[in-house]
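J.: Right, I'll just put the structure down here and ask away after.
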Amino acid sequence: MKKIIAPLLLIFLSALLTVIWFHKGLMFGGGEEGLPFYNLSNHLRSMSYVWNESQAGFDMVIFLPRIPYFWVLEKLFTLGISSVFLQALTFFTLISTGCLSVYFLIKETVTDGLTPFLSSIFYLFNPFSMVQIWGRGIYAQFFAFTLIPLFLLLYILGIKRKNLIYIILCIIVSIVFSPAFVFPTQILVLWIPVILYSVFHAWINRRSKREIIFTMGFLVFLGVFWLLAQAWWFWPYIRTLGASVSKLGDIEYNLGSLRGISRDSSFDVVIRLIHKFQLAGMYGNTYLSFPFRLISWLIPLMILFSINTFKKLKYFRFYLGLLFMSLFIVMGTNPPLGFVFEWLFRNISPFQGFRNPYEKAGILLLIAIIPFLAIGINKISGAFKWIILFLICGLYVWPMWTGQFAGGVKINPWFEVPSYYKEANDWIKNQNIDSRVIQLPLNPGDGVFYKWGHSFQGLESGEFLFSNPSIGRNIALNKNYYNVLLERFGVLQKNAFGPDPDITKSEFRSENLYQELGKLNVKYIVLHHDLDEKLSGMKTAEETAQYLGKEKNIEKVKTFGLLDIYKVKLPEEIAHIYSPDTKISYEKINPTLYKFRIESATKPVKLYFLEIYAPGWELVVDGKKTETHSRVFSYANTWKIDKEGTYSGYIKYMPQDFAKDGAKVSLITTIGLGAIVILTISKRLYEKYK
């Protein structure tokens, strides 16, 4: 009973926290994530391909790691299970599994007794977890909270017990919690402690050549099969890495961002696991007060207090090495080794993903600090031990206990989408038209405030609220057409989201709004009367309605609650794929594959494909790639097909093939590893009961 009390308490605490957060039946919405749980079918469909259809399309290979977990959720969602319940279940699973992983990790590598329990409590309730994991509302951080300590625990158990089954378990949990890899930097964050442990284990067994060979072989074996099992997202990411890095922007711009962010990540800040700007900015001036500053210094004080005891334990050097390595990363360009980090940032392209190193790798610092802190607190006798625990894990992180952990006192993350959104979406979807919707008033940025009964402030969420592809925010990649629309509505903000293209001679520019919307295949407008337009720099809904009322070929056709639906009357020939020269019929197979047929062409045909131009789009006729790929309307794709008569072809986004090839490798690897597990268990059962 004593052995299971602590794990049961952790499970109870995780359930209690989940109930506190979700007791009103509201959905959680992280400001930077939008509303992925609102309609899980929509979200799964949009993330299952390397091309995202929203905002006229863009490459989104980094969302592929979400597929396995959200595939399971979507199946439950289609059975009628509430998305709020599924979200609450996700939070409970991540919290409880993360805490239990830390509990058994510390128990296995440090000491028994109260220290593992204190470590797991602190892992959940600390300034970094509150602000940078749960507070950011980013699912990659949520899943990393669970995956990283669990992966490390299973690896250590495999090394200690010399059992290859733990390799398979490491791979399985990497698949289950793969949404962590939406941040590609989490690959490095996951493997740093594993590699450090391998070096540590080889060092303490340096007199045993056999042990060293086994340890390094175990690491390589895991690395190879981990890559094979993750191939469904890792392979397309690697194949498109050059394009992905180029989207990060200019190196000097990124370096400037890194230097600016690093100023808030000096040693005295990160060693307390705080973030001065976000604490004070989101959670109020209380965190600037002397008492709360004093509480934050209890963390490094307990670390110092633990060293004399901890250094006598076997795994002290491993956690000390992890502490130094994580400090090097999270401090960015700060001294003493900031110049080394800056060199890596300049010369190794993937390192540009660490523009905010404290956010991305701070969880390693947290895991490194945990045993120091727990041992330090455990050394204190009497009531003072529990007072310190309450101050750090209770009072200082009180927003976590009240559900105000994301957005603090300024932004409410708990929302409920009004029913009229479903009514509007169902009506548009029932028109059975392959077209886009555009959200108005037009948003000059990417954030909005929805004035619902339980409001939401964060990423503009048309792509989550509507099944048809939506246009409604600035994503930097859509400036060739979006800036023209912003200029038309008088809300263009110069150089927002990076440098602006020259739109003075844009082919997208038209005399009338309906003509510009036709070039985007937009046939429905959703006018919102439930937005805080002033906060986002928009025109008001009333001003926008007046503007639309004066436009040709645009008329209001429906009203659902605070949403007005306008229909754009476009010429019959305009569609997602069309030609100004002849009639084209087409079939959309998926967002990356379209089949088309051209009837009775009497001359070479110009074909227009109204997705954002990308070199990965290819048009094939008679098995041959058409080499005349160029831009039309300054943003979209066009090809000139030098062929007459009636013929068929297809348009394909070729990087999707990398995902297909990777998925095959992942499936074969997973089936093979599963067979090994089944055979191993069967053999052991046979030997036991024969």
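Ligands are numbered from 1 in the order shown, residues from 1 within each chain, and chains are lettered A, B, ... in the order they appear in the structure tokens.
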Find the residues around region 2-13 of chain A up to 7 Å (only C-alpha atoms counted), leave out those fewer than 6 positions away in its own chain, and share them as a ChimeraX atom specification.

T.: /A:96,99-100,117

J.: Give me, as a PyMOL selection string, the residues of region 259-498 of chain A that a backbone DSSP run labels alpha helix (DSSP H).

T.: chain A and resi 259-262+267-270+276-283+290-296+298-310+316-330+338-347+357-379+383-390+398-402+419-429+462-465+479-489

J.: Using only C-alpha atoms, can you tell me which of A:Gln55, A:Tyr450, A:Gln515, A:Ala406 comes closest to Lys479 (chain A)?

T.: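 Ranked by minimum distance to Lys479 (chain A), first place goes to A:Gln55.
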
J.: What's the 10 Å shell around Met325 (chain A), counting only C-alpha atoms, without same-chain residues fewer than 2 positions away, as JSON, numbers by chain?

T.: {"A": [192, 193, 196, 319, 320, 321, 322, 323, 327, 328, 329, 330, 364, 365, 368]}

J.: Let me make sure I understand: among A:Leu667, A:Pro179, A:Ile121, A:Leu152, which one has the smallest atom-to-atom distance to Trp71 (chain A) if we use only C-alpha atoms?

T.: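 Selected residue with least distance to Trp71 (chain A): A:Pro179.
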
J.: Would you work out the distance separating CA of Glu53 (chain A) from CA of Ser174 (chain A), expressed in Å to one decimal?

T.: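 Distance reported for this atom pair: 27.8 Å.
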
J.: Within 8 Å of region 551-557 of chain A, counting only C-alpha atoms, which residues qualify if same-chain residues fewer than 3 places away don't, as JSON, numbers by chain?

T.: {"A": [512, 513, 514, 547, 548, 564, 565, 566, 567, 568, 569, 570]}

J.: Give me, please, the distance in Å between CA of Ile612 (chain A) and CA of Tyr481 (chain A), quoted to one decimal.

T.: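 Distance between the two atoms: 9.4 Å.
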
J.: Show which residues sit within 12 Å of Thr669 (chain A), as a PDB file with C-alpha atoms, in the first residue's frame. Count only C-alpha atoms, and ignore same-chain residues fewer than 3 positions away.

T.:
```
ATOM      1  CA  ILE A 168       9.769  -0.552 -28.324  1.00  0.00           C
ATOM      2  CA  ILE A 171       8.932   4.259 -29.710  1.00  0.00           C
ATOM      3  CA  ILE A 172       5.296   3.638 -28.788  1.00  0.00           C
ATOM      4  CA  ILE A 175       4.007   7.903 -31.422  1.00  0.00           C
ATOM      5  CA  VAL A 224      17.500   4.046 -35.856  1.00  0.00           C
ATOM      6  CA  PHE A 225      14.133   2.479 -35.066  1.00  0.00           C
ATOM      7  CA  TRP A 226      12.825   5.724 -33.591  1.00  0.00           C
ATOM      8  CA  LEU A 227      13.551   7.475 -36.887  1.00  0.00           C
ATOM      9  CA  LEU A 228      11.904   4.685 -38.875  1.00  0.00           C
ATOM     10  CA  ALA A 229       8.797   4.733 -36.678  1.00  0.00           C
ATOM     11  CA  GLN A 230       8.532   8.531 -36.910  1.00  0.00           C
ATOM     12  CA  ALA A 231       9.075   8.578 -40.667  1.00  0.00           C
ATOM     13  CA  TRP A 232       5.496   9.681 -41.446  1.00  0.00           C
ATOM     14  CA  GLY A 662       7.272   7.978 -44.657  1.00  0.00           C
ATOM     15  CA  ALA A 663       3.899   6.637 -43.530  1.00  0.00           C
ATOM     16  CA  LYS A 664       4.632   3.291 -45.201  1.00  0.00           C
ATOM     17  CA  VAL A 665       7.961   3.042 -43.406  1.00  0.00           C
ATOM     18  CA  SER A 666       6.330   3.973 -40.085  1.00  0.00           C
ATOM     19  CA  GLY A 672       7.291  -5.286 -36.940  1.00  0.00           C
ATOM     20  CA  LEU A 673       7.965  -3.959 -33.451  1.00  0.00           C
ATOM     21  CA  GLY A 674       4.460  -4.939 -32.361  1.00  0.00           C
ATOM     22  CA  ALA A 675       5.083  -8.475 -33.602  1.00  0.00           C
ATOM     23  CA  ILE A 676       8.293  -8.615 -31.560  1.00  0.00           C
TER      24      ILE A 676
END
```

J.: For Leu86 (chain A), list every protein, DNA or RNA residue within 10 Å, evaluated using only C-alpha atoms, and leave out those in the same chain fewer than 4 positions away; present the list as a list in words.

T.: Met27, Phe37, Leu40, Leu73, Glu74, Leu76, Phe77, Ile81, Ser82, Thr90, Phe91 and Phe92 of chain A

J.: Those residues with C-alpha atoms, as a short mmCIF file (atom, residue, chain, number, x, y, z; two decimals), in the first residue's frame please?

T.:
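result30.cif written:
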```
data_model
loop_
_atom_site.label_atom_id
_atom_site.label_comp_id
_atom_site.auth_asym_id
_atom_site.auth_seq_id
_atom_site.Cartn_x
_atom_site.Cartn_y
_atom_site.Cartn_z
CA MET A 27 -13.49 24.56 -23.87
CA PHE A 37 -10.92 20.93 -30.43
CA LEU A 40 -12.04 17.61 -34.43
CA LEU A 73 -9.87 11.70 -30.77
CA GLU A 74 -11.71 12.28 -34.04
CA LEU A 76 -14.44 9.28 -30.53
CA PHE A 77 -15.80 12.68 -31.60
CA ILE A 81 -18.48 12.17 -27.40
CA SER A 82 -18.23 15.83 -26.41
CA THR A 90 -6.37 14.91 -22.93
CA PHE A 91 -5.34 17.31 -20.17
CA PHE A 92 -5.83 14.67 -17.47
#
```

J.: Excluding Leu301 (chain A) and residues on its chain fewer than 5 positions from it, collect all residues at most 9 Å away from it, counting only C-alpha atoms, and give them as a list in words.

T.: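 Near neighbours after the sequence-gap exclusion: Ser306, Leu373 and Gly376 of chain A.
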
J.: Report as JSON, numbers by chain: the residues of region 315-451 of chain A with a DSSP assignment of strand (DSSP E or B), based on the backbone of this structure.

T.: {"A": [414, 415, 416, 436, 437, 438, 439, 440, 447, 448, 449, 450]}

J.: With distances taken over only C-alpha atoms, which of A:Thr402, A:Asn412, A:Ser262, A:Gln493 is nearest to Asn443 (chain A)?

T.: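 Of all the options, A:Gln493 lies closest to Asn443 (chain A).
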
J.: Report, in Å with one decimal, the straight-line distance from CA of Tyr524 (chain A) to CA of Gly462 (chain A).

T.: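 A separation of 12.7 Å between them.
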